file input-v3.tsv (TSV, C-alpha atoms and all ligand atoms)
chain	number	residue	atom	x	y	z
A	1	MET	CA	14.22	19.95	-18.31
A	2	LEU	CA	10.98	19.03	-16.53
A	3	ASP	CA	10.15	20.30	-13.06
A	4	LEU	CA	7.98	17.24	-12.43
A	5	ALA	CA	7.85	13.87	-14.20
A	6	ILE	CA	4.97	11.57	-13.25
A	7	ILE	CA	5.23	7.90	-14.09
A	8	GLY	CA	1.73	6.49	-14.71
A	9	SER	CA	-1.53	8.12	-15.75
A	10	GLY	CA	-4.03	6.41	-13.44
A	11	VAL	CA	-6.07	8.54	-11.08
A	12	ALA	CA	-3.02	9.20	-8.87
A	13	GLY	CA	-0.79	10.25	-11.79
A	14	LEU	CA	-3.43	12.43	-13.50
A	15	THR	CA	-4.34	14.17	-10.25
A	16	ALA	CA	-0.64	14.76	-9.57
A	17	GLY	CA	-0.41	16.22	-13.09
A	18	LEU	CA	-3.32	18.55	-12.38
A	19	TYR	CA	-1.85	19.77	-9.10
A	20	GLY	CA	1.70	20.00	-10.45
A	21	ALA	CA	0.65	22.07	-13.46
A	22	ARG	CA	-1.56	24.32	-11.30
A	23	ALA	CA	1.44	24.89	-9.01
A	24	GLY	CA	3.24	26.30	-12.06
A	25	LEU	CA	5.54	23.31	-12.60
A	26	ASN	CA	6.59	22.17	-16.06
A	27	THR	CA	4.86	18.78	-15.70
A	28	ALA	CA	4.77	15.68	-17.90
A	29	ILE	CA	2.91	12.42	-17.27
A	30	PHE	CA	4.36	9.24	-18.83
A	31	GLU	CA	2.00	6.38	-19.71
A	32	GLN	CA	2.95	2.99	-21.12
A	33	LEU	CA	-0.56	1.89	-22.16
A	34	ILE	CA	-3.71	3.99	-22.24
A	35	PRO	CA	-4.48	6.80	-19.79
A	36	GLY	CA	-6.81	6.20	-16.86
A	37	GLY	CA	-5.31	3.04	-15.35
A	38	GLN	CA	-7.54	0.72	-13.32
A	39	ALA	CA	-10.19	3.37	-12.74
A	40	ALA	CA	-10.93	3.45	-16.47
A	41	THR	CA	-12.04	-0.20	-16.21
A	42	ILE	CA	-14.73	0.50	-13.60
A	43	LEU	CA	-18.15	0.19	-15.22
A	44	LYS	CA	-19.90	2.28	-12.57
A	45	LEU	CA	-17.97	4.02	-9.84
A	46	GLU	CA	-20.45	4.36	-7.00
A	47	ASN	CA	-18.29	5.35	-4.05
A	48	TYR	CA	-16.53	8.48	-5.26
A	49	PRO	CA	-17.76	11.39	-3.12
A	50	GLY	CA	-20.06	13.83	-4.88
A	51	PHE	CA	-21.27	11.47	-7.64
A	52	ALA	CA	-24.52	10.28	-6.06
A	53	ALA	CA	-25.73	8.60	-9.25
A	54	GLY	CA	-22.34	7.00	-9.90
A	55	VAL	CA	-20.08	7.66	-12.87
A	56	ASP	CA	-18.44	5.35	-15.38
A	57	GLY	CA	-14.69	5.09	-15.00
A	58	VAL	CA	-13.84	5.96	-18.61
A	59	THR	CA	-15.80	9.24	-18.44
A	60	MET	CA	-14.29	10.18	-15.12
A	61	MET	CA	-10.71	9.46	-16.19
A	62	SER	CA	-11.09	11.18	-19.56
A	63	ASP	CA	-12.50	14.29	-17.80
A	64	LEU	CA	-9.62	14.19	-15.33
A	65	MET	CA	-7.13	13.90	-18.19
A	66	THR	CA	-8.70	16.94	-19.92
A	67	GLN	CA	-8.58	18.84	-16.63
A	68	ALA	CA	-4.86	18.06	-16.15
A	69	MET	CA	-4.03	18.96	-19.78
A	70	ASP	CA	-6.06	22.20	-19.57
A	71	ALA	CA	-4.07	23.10	-16.47
A	72	GLY	CA	-0.88	22.73	-18.52
A	73	ALA	CA	0.37	19.17	-17.92
A	74	THR	CA	1.48	17.16	-20.95
A	75	LEU	CA	0.85	13.46	-21.49
A	76	ARG	CA	3.57	11.38	-23.14
A	77	TYR	CA	2.70	7.95	-24.46
A	78	ASP	CA	6.07	6.53	-23.46
A	79	PRO	CA	6.88	3.79	-20.99
A	80	VAL	CA	9.52	4.63	-18.44
A	81	GLU	CA	12.04	1.78	-18.55
A	82	ALA	CA	14.50	3.03	-15.95
A	83	LEU	CA	14.88	5.77	-13.38
A	84	GLN	CA	18.32	7.09	-12.46
A	85	PRO	CA	18.26	9.27	-9.34
A	86	GLY	CA	20.43	12.38	-9.39
A	87	GLU	CA	22.98	13.25	-6.72
A	88	ALA	CA	21.71	15.50	-3.90
A	89	GLY	CA	19.52	18.21	-5.42
A	90	GLN	CA	20.51	17.29	-8.99
A	91	PRO	CA	17.89	16.25	-11.59
A	92	HIS	CA	16.75	12.68	-11.92
A	93	ARG	CA	16.84	10.91	-15.27
A	94	LEU	CA	14.03	8.88	-16.87
A	95	LEU	CA	14.97	6.45	-19.62
A	96	GLY	CA	12.65	4.99	-22.23
A	97	PRO	CA	12.32	4.28	-25.95
A	98	ALA	CA	12.07	8.03	-26.59
A	99	GLY	CA	15.47	8.57	-24.99
A	100	SER	CA	16.50	10.20	-21.76
A	101	ILE	CA	14.64	13.01	-19.99
A	102	GLU	CA	15.73	15.00	-16.96
A	103	ALA	CA	13.30	15.97	-14.22
A	104	ARG	CA	13.94	17.90	-11.02
A	105	SER	CA	11.30	15.85	-9.18
A	106	VAL	CA	9.52	12.58	-9.90
A	107	ILE	CA	6.26	10.99	-8.74
A	108	ILE	CA	5.99	7.22	-9.12
A	109	ALA	CA	2.29	6.43	-9.72
A	110	THR	CA	2.57	3.07	-11.46
A	111	GLY	CA	-0.33	1.41	-9.64
A	112	ALA	CA	-0.91	-2.24	-8.88
A	113	SER	CA	-2.81	-5.26	-10.13
A	114	PRO	CA	-4.79	-7.72	-8.03
A	115	ARG	CA	-3.15	-11.15	-8.03
A	116	LYS	CA	-5.18	-13.65	-10.05
A	117	LEU	CA	-5.96	-17.29	-9.32
A	118	ASP	CA	-4.78	-18.17	-12.84
A	119	LEU	CA	-7.77	-20.43	-13.44
A	120	PRO	CA	-9.27	-21.18	-16.85
A	121	ARG	CA	-12.25	-18.83	-17.54
A	122	GLU	CA	-11.14	-16.40	-14.80
A	123	GLU	CA	-10.72	-13.56	-17.29
A	124	GLU	CA	-13.95	-14.38	-19.16
A	125	LEU	CA	-15.97	-14.34	-15.91
A	126	THR	CA	-14.36	-11.20	-14.48
A	127	GLY	CA	-17.21	-8.73	-14.02
A	128	ARG	CA	-19.64	-11.64	-14.42
A	129	GLY	CA	-19.32	-12.89	-10.88
A	130	VAL	CA	-15.55	-12.89	-10.48
A	131	CYS	CA	-14.43	-9.72	-8.68
A	132	TYR	CA	-11.27	-8.38	-7.05
A	133	CYS	CA	-12.52	-5.57	-4.82
A	134	ALA	CA	-15.21	-6.12	-2.15
A	135	THR	CA	-15.32	-2.42	-1.21
A	136	CYS	CA	-16.04	-1.66	-4.87
A	137	ASP	CA	-18.43	-4.44	-5.94
A	138	GLY	CA	-19.85	-5.90	-2.71
A	139	ALA	CA	-23.16	-4.04	-3.02
A	140	LEU	CA	-23.88	-5.86	-6.30
A	141	PHE	CA	-24.38	-9.06	-4.29
A	142	ARG	CA	-27.13	-7.89	-1.94
A	143	ASN	CA	-29.08	-10.91	-0.62
A	144	ARG	CA	-27.06	-13.33	-2.77
A	145	THR	CA	-24.57	-16.08	-1.99
A	146	VAL	CA	-21.02	-15.01	-2.56
A	147	ALA	CA	-17.58	-16.56	-1.94
A	148	VAL	CA	-14.22	-15.11	-0.94
A	149	VAL	CA	-10.94	-16.91	-1.57
A	150	GLY	CA	-7.84	-16.12	0.49
A	151	GLY	CA	-6.53	-16.33	4.04
A	152	GLY	CA	-5.01	-12.95	4.91
A	153	ASP	CA	-6.43	-9.73	6.33
A	154	THR	CA	-7.89	-8.70	2.96
A	155	ALA	CA	-9.85	-11.94	2.59
A	156	LEU	CA	-11.14	-11.76	6.18
A	157	THR	CA	-12.10	-8.08	5.77
A	158	ASP	CA	-13.76	-8.80	2.43
A	159	ALA	CA	-15.83	-11.59	4.02
A	160	LEU	CA	-16.97	-9.20	6.77
A	161	VAL	CA	-17.75	-6.42	4.27
A	162	LEU	CA	-19.70	-8.84	2.08
A	163	ALA	CA	-21.64	-10.22	5.05
A	164	GLY	CA	-23.15	-6.72	5.28
A	165	PHE	CA	-24.81	-7.25	1.88
A	166	ALA	CA	-24.98	-10.92	1.04
A	167	GLU	CA	-27.29	-13.58	2.42
A	168	LYS	CA	-24.41	-16.01	2.78
A	169	VAL	CA	-20.63	-15.71	2.44
A	170	LEU	CA	-18.40	-18.73	1.79
A	171	LEU	CA	-14.83	-18.12	2.89
A	172	ILE	CA	-12.49	-20.51	1.09
A	173	HIS	CA	-8.87	-20.96	2.12
A	174	ARG	CA	-6.42	-23.63	1.04
A	175	ARG	CA	-4.95	-24.05	4.55
A	176	GLU	CA	-6.66	-24.96	7.82
A	177	GLU	CA	-5.44	-21.75	9.50
A	178	PHE	CA	-5.82	-18.14	8.38
A	179	ARG	CA	-2.83	-15.79	8.11
A	180	GLY	CA	-4.96	-12.76	8.98
A	181	SER	CA	-5.03	-10.98	12.32
A	182	PRO	CA	-6.64	-12.74	15.32
A	183	ILE	CA	-9.26	-10.00	15.85
A	184	LEU	CA	-10.50	-10.34	12.25
A	185	GLN	CA	-10.50	-14.14	12.56
A	186	LYS	CA	-12.62	-13.86	15.71
A	187	ARG	CA	-15.12	-11.55	13.99
A	188	VAL	CA	-15.32	-13.83	10.98
A	189	ARG	CA	-15.90	-16.91	13.13
A	190	GLU	CA	-18.61	-15.11	15.13
A	191	ASN	CA	-20.47	-13.91	12.03
A	192	GLU	CA	-23.41	-16.23	11.36
A	193	LYS	CA	-23.55	-15.37	7.68
A	194	ILE	CA	-19.99	-16.54	7.03
A	195	GLN	CA	-19.35	-20.23	6.38
A	196	LEU	CA	-15.72	-21.39	6.47
A	197	LEU	CA	-14.51	-23.82	3.82
A	198	LEU	CA	-10.94	-24.50	4.96
A	199	GLY	CA	-8.37	-26.86	3.50
A	200	ARG	CA	-9.87	-26.38	0.03
A	201	ARG	CA	-8.78	-24.58	-3.10
A	202	VAL	CA	-10.85	-23.32	-5.98
A	203	GLU	CA	-10.17	-25.60	-8.93
A	204	ALA	CA	-12.69	-24.43	-11.52
A	205	LEU	CA	-15.20	-21.67	-12.19
A	206	LEU	CA	-18.48	-23.00	-13.58
A	207	GLY	CA	-21.47	-21.28	-15.22
A	208	GLU	CA	-22.95	-20.45	-18.61
A	209	ASN	CA	-22.53	-16.72	-19.12
A	210	LYS	CA	-21.81	-15.84	-15.52
A	211	LEU	CA	-20.39	-17.52	-12.47
A	212	GLU	CA	-22.83	-20.03	-10.98
A	213	GLN	CA	-20.74	-22.66	-9.20
A	214	LEU	CA	-17.26	-23.25	-7.84
A	215	LEU	CA	-15.50	-26.57	-8.02
A	216	LEU	CA	-13.46	-27.02	-4.84
A	217	ARG	CA	-10.70	-29.56	-4.23
A	218	ALA	CA	-9.95	-30.60	-0.63
A	219	GLN	CA	-6.51	-31.55	0.67
A	220	ASP	CA	-7.53	-35.23	0.74
A	221	GLY	CA	-8.23	-35.03	-3.02
A	222	SER	CA	-12.03	-35.06	-2.79
A	223	ALA	CA	-14.00	-32.58	-4.91
A	224	GLU	CA	-17.26	-30.75	-4.29
A	225	SER	CA	-19.15	-28.06	-6.15
A	226	VAL	CA	-20.84	-25.19	-4.34
A	227	ALA	CA	-23.34	-22.70	-5.75
A	228	SER	CA	-22.20	-19.08	-5.62
A	229	ASP	CA	-23.22	-15.92	-7.48
A	230	GLY	CA	-19.84	-14.31	-6.97
A	231	LEU	CA	-16.23	-14.98	-6.12
A	232	PHE	CA	-14.03	-12.29	-4.61
A	233	VAL	CA	-10.38	-13.11	-5.18
A	234	ALA	CA	-8.33	-11.79	-2.26
A	235	VAL	CA	-5.01	-13.55	-2.68
A	236	GLY	CA	-2.86	-10.43	-2.71
A	237	ILE	CA	-2.05	-7.42	-4.78
A	238	GLU	CA	1.02	-6.90	-6.93
A	239	PRO	CA	2.36	-3.37	-7.00
A	240	ARG	CA	3.92	-2.44	-10.36
A	241	THR	CA	7.23	-1.42	-8.85
A	242	GLN	CA	9.75	-3.92	-10.28
A	243	LEU	CA	11.49	-1.09	-12.13
A	244	PHE	CA	12.34	0.65	-8.90
A	245	ARG	CA	13.54	-2.38	-6.93
A	246	GLY	CA	16.88	-1.69	-5.28
A	247	LEU	CA	16.37	2.03	-5.91
A	248	VAL	CA	13.59	3.19	-3.58
A	249	GLU	CA	12.80	1.46	-0.30
A	250	MET	CA	9.95	-1.07	-0.43
A	251	ASP	CA	8.37	-3.61	1.87
A	252	SER	CA	8.72	-7.34	1.18
A	253	ALA	CA	5.64	-7.23	-1.08
A	254	GLY	CA	7.18	-4.54	-3.29
A	255	ARG	CA	5.07	-1.63	-2.02
A	256	ILE	CA	7.03	1.63	-2.00
A	257	LEU	CA	7.57	2.99	1.52
A	258	THR	CA	6.68	6.65	1.91
A	259	GLN	CA	6.77	9.33	4.58
A	260	ARG	CA	3.80	11.47	5.62
A	261	ASP	CA	4.53	13.80	2.69
A	262	LEU	CA	4.68	10.79	0.31
A	263	SER	CA	8.43	11.20	-0.19
A	264	THR	CA	10.53	8.09	-0.72
A	265	ASN	CA	14.04	7.61	0.67
A	266	ILE	CA	15.40	9.56	-2.34
A	267	PRO	CA	15.02	13.35	-2.12
A	268	GLY	CA	12.73	14.64	-4.88
A	269	ILE	CA	11.18	11.23	-5.62
A	270	TYR	CA	7.63	10.65	-4.36
A	271	ALA	CA	5.14	7.78	-4.66
A	272	ALA	CA	1.35	8.01	-4.94
A	273	GLY	CA	-1.60	5.62	-5.23
A	274	ASP	CA	-1.72	1.83	-5.30
A	275	CYS	CA	2.03	1.38	-5.84
A	276	ARG	CA	2.84	2.55	-2.33
A	277	ASP	CA	2.39	1.09	1.12
A	278	THR	CA	-1.11	2.43	1.68
A	279	LEU	CA	-3.97	1.06	3.76
A	280	LEU	CA	-6.72	1.72	1.21
A	281	ARG	CA	-6.48	1.33	-2.56
A	282	GLN	CA	-9.36	3.28	-4.06
A	283	VAL	CA	-9.98	6.03	-6.59
A	284	VAL	CA	-10.52	8.60	-3.86
A	285	THR	CA	-7.27	7.72	-2.06
A	286	GLY	CA	-5.35	7.65	-5.37
A	287	ALA	CA	-6.62	11.17	-6.12
A	288	ALA	CA	-5.70	12.36	-2.62
A	289	ASP	CA	-2.21	10.87	-2.94
A	290	GLY	CA	-1.65	12.52	-6.31
A	291	ALA	CA	-2.67	15.92	-4.95
A	292	LEU	CA	-0.43	15.58	-1.89
A	293	ALA	CA	2.61	14.22	-3.75
A	294	ALA	CA	2.54	17.01	-6.36
A	295	THR	CA	2.08	19.70	-3.72
A	296	MET	CA	5.01	18.31	-1.73
A	297	ALA	CA	7.14	18.06	-4.90
A	298	ALA	CA	6.44	21.75	-5.57
A	299	GLU	CA	7.51	22.61	-2.02
A	300	TYR	CA	10.67	20.51	-2.41
A	301	LEU	CA	11.57	22.42	-5.60
A	302	LEU	CA	11.12	25.70	-3.73
A	303	THR	CA	13.68	24.51	-1.16
A	304	LEU	CA	16.16	23.86	-4.00
A	305	GLY	CA	15.62	27.46	-4.98
A	306	ASN	CA	16.86	27.26	-8.59
B	401	LIG	C1	-12.03	-4.01	-11.53
B	401	LIG	C2	-11.73	-2.93	-10.54
B	401	LIG	C3	-12.78	-2.26	-9.93
B	401	LIG	C4	-12.52	-1.25	-9.01
B	401	LIG	N1	-13.58	-0.60	-8.47
B	401	LIG	C5	-13.36	0.47	-7.67
B	401	LIG	C6	-14.45	1.22	-7.13
B	401	LIG	O1	-15.62	0.92	-7.39
B	401	LIG	N2	-14.15	2.29	-6.35
B	401	LIG	C7	-12.88	2.66	-6.04
B	401	LIG	O2	-12.70	3.67	-5.38
B	401	LIG	N3	-11.82	1.93	-6.50
B	401	LIG	C8	-12.03	0.85	-7.29
B	401	LIG	N4	-10.98	0.12	-7.76
B	401	LIG	C9	-9.62	0.46	-7.31
B	401	LIG	C10	-9.10	1.73	-8.05
B	401	LIG	O3	-9.41	1.64	-9.41
B	401	LIG	C11	-7.60	1.87	-7.84
B	401	LIG	O4	-7.30	1.90	-6.46
B	401	LIG	C12	-7.04	3.16	-8.47
B	401	LIG	O5	-7.56	3.36	-9.76
B	401	LIG	C13	-5.51	3.10	-8.50
B	401	LIG	O6	-5.02	4.21	-9.18
B	401	LIG	P1	-3.44	4.43	-9.39
B	401	LIG	O7	-3.33	5.70	-10.17
B	401	LIG	O8	-2.72	4.32	-8.11
B	401	LIG	O9	-2.94	3.20	-10.25
B	401	LIG	P2	-3.42	2.58	-11.66
B	401	LIG	O10	-4.83	2.88	-11.94
B	401	LIG	O11	-3.00	1.14	-11.60
B	401	LIG	O12	-2.56	3.36	-12.75
B	401	LIG	C14	-1.19	3.16	-12.92
B	401	LIG	C15	-0.82	3.56	-14.34
B	401	LIG	O13	0.60	3.54	-14.47
B	401	LIG	C16	0.94	3.02	-15.75
B	401	LIG	N5	2.32	2.52	-15.68
B	401	LIG	C17	2.79	1.50	-14.92
B	401	LIG	N6	4.11	1.35	-15.11
B	401	LIG	C18	4.50	2.31	-16.00
B	401	LIG	C19	5.74	2.65	-16.60
B	401	LIG	N7	6.87	1.98	-16.33
B	401	LIG	N8	5.77	3.68	-17.50
B	401	LIG	C20	4.63	4.38	-17.80
B	401	LIG	N9	3.43	4.07	-17.25
B	401	LIG	C21	3.36	3.06	-16.36
B	401	LIG	C22	-0.10	1.92	-15.95
B	401	LIG	O14	-0.21	1.57	-17.33
B	401	LIG	C23	-1.36	2.60	-15.40
B	401	LIG	O15	-2.04	3.33	-16.40
B	401	LIG	C24	-11.18	-0.89	-8.68
B	401	LIG	C25	-10.13	-1.58	-9.28
B	401	LIG	C26	-10.39	-2.57	-10.20
B	401	LIG	C27	-9.24	-3.29	-10.88
call {"tool": "encode", "arguments": {"input": "input-v3.tsv", "output": "structure tokens", "more": "lines below"}}
Ligand SMILES: Cc1cc2nc3c(=O)[nH]c(=O)nc-3n(C[C@H](O)[C@H](O)[C@H](O)COP(=O)(O)OP(=O)(O)OC[C@H]3O[C@@H](n4cnc5c(N)ncnc54)[C@H](O)[C@@H]3O)c2cc1C
result
Amino acid sequence: MLDLAIIGSGVAGLTAGLYGARAGLNTAIFEQLIPGGQAATILKLENYPGFAAGVDGVTMMSDLMTQAMDAGATLRYDPVEALQPGEAGQPHRLLGPAGSIEARSVIIATGASPRKLDLPREEELTGRGVCYCATCDGALFRNRTVAVVGGGDTALTDALVLAGFAEKVLLIHRREEFRGSPILQKRVRENEKIQLLLGRRVEALLGENKLEQLLLRAQDGSAESVASDGLFVAVGIEPRTQLFRGLVEMDSAGRILTQRDLSTNIPGIYAAGDCRDTLLRQVVTGAADGALAATMAAEYLLTLGN
């Protein structure tokens, strides 16, 4: 039986593996695809503390995986297809193609994916102008024209973040009113670099090898094209938590609700990283979550005393 089962081997899951193994727990990390998660797709990670020259995501995640394995964690290339919580203090059960495995504690670290616009060429132009994280990629658009699409707090915040770098920010929203908070709306409207393009949706992404123009369609049916070096898509994030629906408490968007110690409503089950209801989804916060969740799981097991 495992002391700690971690579902997902992104930065949160691997860091949890490192901390769990170092705490002396018999720890296994389950991964359905390839280890590293989203962080392994980052070409150059420039905002992780201590890496002044930046680091590529694949190198960082493969070093982290080695570190967790050297500490004693094992990595299993098995998707978890179901989680059955145990009765008070009893082991939980993970089900997958490899069968059923018992674990005295579990960390859910299944991550999230940014919601896409589902436009033709969106995938091809991702990383060539189309981006999903202003905190991550905003600095690439210094003194350029860049667009943001969306109407919630993330889109408004992204526009403000980008206005710190870009020469001009186009904020595109399909409705006439934003959903985001009034204070952010006020700041956006007062920012001279931000131009609002309301009542319009992005219909097509245009450009040879990189994004150069956006084709916008207004509510009255008219079309216009605007030049833009980048498009930040901020239309929501989808936590990968469908498996746990009805099992652990979540908000209406499917983000797992956690306490200060990252515990869920089920004793012995924790959540870490982008899958939970967190205010910042970054590599550094994923790592911090993984460390905290594994440390708290170890403390929980001590309270069980067997
Ligand atoms: C393009 C891009 C650029 C980014 N740039 C930056 C940046 O510059 N700086 C920064 O700090 N952050 C950046 N981020 C955000 C950062 O990468 C994420 O916040 C962080 O990596 C999330 O880590 P995580 O471990 O919570 O989840 P994830 O990385 O999403 O990992 C979750 C893992 O769980 C696995 N999994 C899911 N379900 C199951 C299951 N049922 N069974 C087994 N395994 C499962 C998945 O396959 C995945 O490997 C970027 C994100 C993207 C997409």
call {"tool": "closest_residue", "arguments": {"input": "input-v3.tsv", "among": "A:Gln38, A:Thr15, A:Thr258, A:Thr285", "to": "ligand LIG 401 (chain B)", "atoms": "only C-alpha atoms and all ligand atoms"}}
result
A:Gln38
call {"tool": "residues_around", "arguments": {"input": "input-v3.tsv", "residues": "Leu206 (chain A)", "least_positions_apart": "5", "cutoff": "10 Å", "atoms": "all atoms listed in the file", "output": "JSON, numbers by chain"}}
result
{"A": [120, 121, 122, 125, 211, 212, 213, 214, 215, 225, 226, 227, 228]}
call {"tool": "residues_around", "arguments": {"input": "input-v3.tsv", "residues": "Arg201 (chain A)", "least_positions_apart": "3", "cutoff": "6 Å", "atoms": "all atoms listed in the file", "output": "ChimeraX atom specification"}}
result
/A:174,216-217
call {"tool": "residues_around", "arguments": {"input": "input-v3.tsv", "residues": "region 126-131 of chain A", "least_positions_apart": "3", "cutoff": "8 Å", "atoms": "only C-alpha atoms", "output": "PyMOL selection string"}}
result
chain A and resi 122-123+134+137+209-212+229-233
call {"tool": "closest_residue", "arguments": {"input": "input-v3.tsv", "among": "A:Glu203, A:Glu102, A:Glu238, A:Glu176", "to": "ligand LIG 401 (chain B)", "atoms": "only C-alpha atoms and all ligand atoms"}}
result
A:Glu238
call {"tool": "residues_around", "arguments": {"input": "input-v3.tsv", "residues": "Met250 (chain A)", "least_positions_apart": "6", "cutoff": "12 Å", "atoms": "all atoms listed in the file", "output": "ChimeraX atom specification"}}
result
/A:239-244,256-259,264-265,271,275-278
call {"tool": "closest_residue", "arguments": {"input": "input-v3.tsv", "among": "A:Gly273, A:Gly199, A:Gly20, A:Gly236", "to": "ligand LIG 401 (chain B)", "atoms": "all atoms listed in the file"}}
result
A:Gly273
call {"tool": "closest_atom_pairs", "arguments": {"input": "input-v3.tsv", "of": "region 107-214 of chain A", "to": "region 58-82 of chain A", "cutoff": "12 Å", "atoms": "all atoms listed in the file", "output": "CSV"}}
result
residue,atom,partner,partner_atom,distance
A:Ile108,CA,A:Val80,CA,10.3
A:Ala109,CA,A:Val80,CA,11.5
A:Thr110,CA,A:Val80,CA,10.0
call {"tool": "residues_around", "arguments": {"input": "input-v3.tsv", "residues": "Ile34 (chain A)", "least_positions_apart": "4", "cutoff": "10 Å", "atoms": "only C-alpha atoms", "output": "short mmCIF file (atom, residue, chain, number, x, y, z; two decimals) with C-alpha atoms, keeping the file's coordinate frame"}}
result
data_model
loop_
_atom_site.label_atom_id
_atom_site.label_comp_id
_atom_site.auth_asym_id
_atom_site.auth_seq_id
_atom_site.Cartn_x
_atom_site.Cartn_y
_atom_site.Cartn_z
CA GLY A 8 1.73 6.49 -14.71
CA SER A 9 -1.53 8.12 -15.75
CA GLY A 10 -4.03 6.41 -13.44
CA ALA A 40 -10.93 3.45 -16.47
CA TYR A 77 2.70 7.95 -24.46
#
call {"tool": "atom_distance", "arguments": {"input": "input-v3.tsv", "atom1": "CA of Tyr300 (chain A)", "atom2": "CA of Leu262 (chain A)"}}
result
11.7 Å
call {"tool": "closest_residue", "arguments": {"input": "input-v3.tsv", "among": "A:Asp274, A:Asp158, A:Asp153, A:Asp56", "to": "ligand LIG 401 (chain B)", "atoms": "only C-alpha atoms and all ligand atoms"}}
result
A:Asp274
call {"tool": "closest_residue", "arguments": {"input": "input-v3.tsv", "among": "A:Glu87, A:Asp3, A:Glu31, A:Glu167", "to": "ligand LIG 401 (chain B)", "atoms": "all atoms listed in the file"}}
result
A:Glu31
call {"tool": "residues_near_point", "arguments": {"input": "input-v3.tsv", "point": "(-17.0, 8.8, -2.0)", "cutoff": "12 Å", "atoms": "all atoms listed in the file", "output": "number ranges by chain"}}
result
A: 45-55, 135-136, 282-285, 287-288
call {"tool": "closest_residue", "arguments": {"input": "input-v3.tsv", "among": "A:Thr41, A:Gln90, A:Gln219, A:Thr27", "to": "ligand LIG 401 (chain B)", "atoms": "all atoms listed in the file"}}
result
A:Thr41
call {"tool": "decode", "arguments": {"input": "input-v3.tsv", "residues": "region 86-99 of chain A", "atoms": "N, CA and C atoms", "output": "PDB file, in the first residue's frame"}}
result
ATOM      1  N   GLY A  86     -11.712   6.328   0.984  1.00  0.00           N
ATOM      2  CA  GLY A  86     -11.951   5.346   2.040  1.00  0.00           C
ATOM      3  C   GLY A  86     -12.793   5.949   3.158  1.00  0.00           C
ATOM      4  N   GLU A  87     -13.369   5.094   3.965  1.00  0.00           N
ATOM      5  CA  GLU A  87     -14.090   5.563   5.169  1.00  0.00           C
ATOM      6  C   GLU A  87     -13.067   6.196   6.111  1.00  0.00           C
ATOM      7  N   ALA A  88     -13.541   6.961   7.093  1.00  0.00           N
ATOM      8  CA  ALA A  88     -12.664   7.717   7.992  1.00  0.00           C
ATOM      9  C   ALA A  88     -11.362   6.996   8.344  1.00  0.00           C
ATOM     10  N   GLY A  89     -10.246   7.570   7.906  1.00  0.00           N
ATOM     11  CA  GLY A  89      -8.934   7.032   8.262  1.00  0.00           C
ATOM     12  C   GLY A  89      -8.507   5.810   7.448  1.00  0.00           C
ATOM     13  N   GLN A  90      -9.422   5.265   6.658  1.00  0.00           N
ATOM     14  CA  GLN A  90      -9.097   4.078   5.853  1.00  0.00           C
ATOM     15  C   GLN A  90      -8.451   4.512   4.531  1.00  0.00           C
ATOM     16  N   PRO A  91      -7.707   3.612   3.870  1.00  0.00           N
ATOM     17  CA  PRO A  91      -7.039   4.001   2.615  1.00  0.00           C
ATOM     18  C   PRO A  91      -8.034   4.355   1.507  1.00  0.00           C
ATOM     19  N   HIS A  92      -7.554   5.200   0.629  1.00  0.00           N
ATOM     20  CA  HIS A  92      -8.319   5.543  -0.570  1.00  0.00           C
ATOM     21  C   HIS A  92      -7.888   4.587  -1.687  1.00  0.00           C
ATOM     22  N   ARG A  93      -8.724   4.482  -2.705  1.00  0.00           N
ATOM     23  CA  ARG A  93      -8.429   3.533  -3.780  1.00  0.00           C
ATOM     24  C   ARG A  93      -8.376   4.269  -5.126  1.00  0.00           C
ATOM     25  N   LEU A  94      -7.298   4.040  -5.873  1.00  0.00           N
ATOM     26  CA  LEU A  94      -7.156   4.629  -7.209  1.00  0.00           C
ATOM     27  C   LEU A  94      -7.374   3.521  -8.228  1.00  0.00           C
ATOM     28  N   LEU A  95      -8.204   3.795  -9.227  1.00  0.00           N
ATOM     29  CA  LEU A  95      -8.483   2.781 -10.245  1.00  0.00           C
ATOM     30  C   LEU A  95      -7.978   3.258 -11.603  1.00  0.00           C
ATOM     31  N   GLY A  96      -7.393   2.336 -12.340  1.00  0.00           N
ATOM     32  CA  GLY A  96      -6.896   2.656 -13.681  1.00  0.00           C
ATOM     33  C   GLY A  96      -6.683   1.381 -14.445  1.00  0.00           C
ATOM     34  N   PRO A  97      -6.115   1.495 -15.680  1.00  0.00           N
ATOM     35  CA  PRO A  97      -5.928   0.300 -16.499  1.00  0.00           C
ATOM     36  C   PRO A  97      -5.046  -0.735 -15.818  1.00  0.00           C
ATOM     37  N   ALA A  98      -4.135  -0.258 -14.924  1.00  0.00           N
ATOM     38  CA  ALA A  98      -3.232  -1.203 -14.259  1.00  0.00           C
ATOM     39  C   ALA A  98      -3.903  -1.884 -13.073  1.00  0.00           C
ATOM     40  N   GLY A  99      -5.132  -1.545 -12.805  1.00  0.00           N
ATOM     41  CA  GLY A  99      -5.852  -2.172 -11.697  1.00  0.00           C
ATOM     42  C   GLY A  99      -6.137  -1.186 -10.586  1.00  0.00           C
TER      43      GLY A  99
END
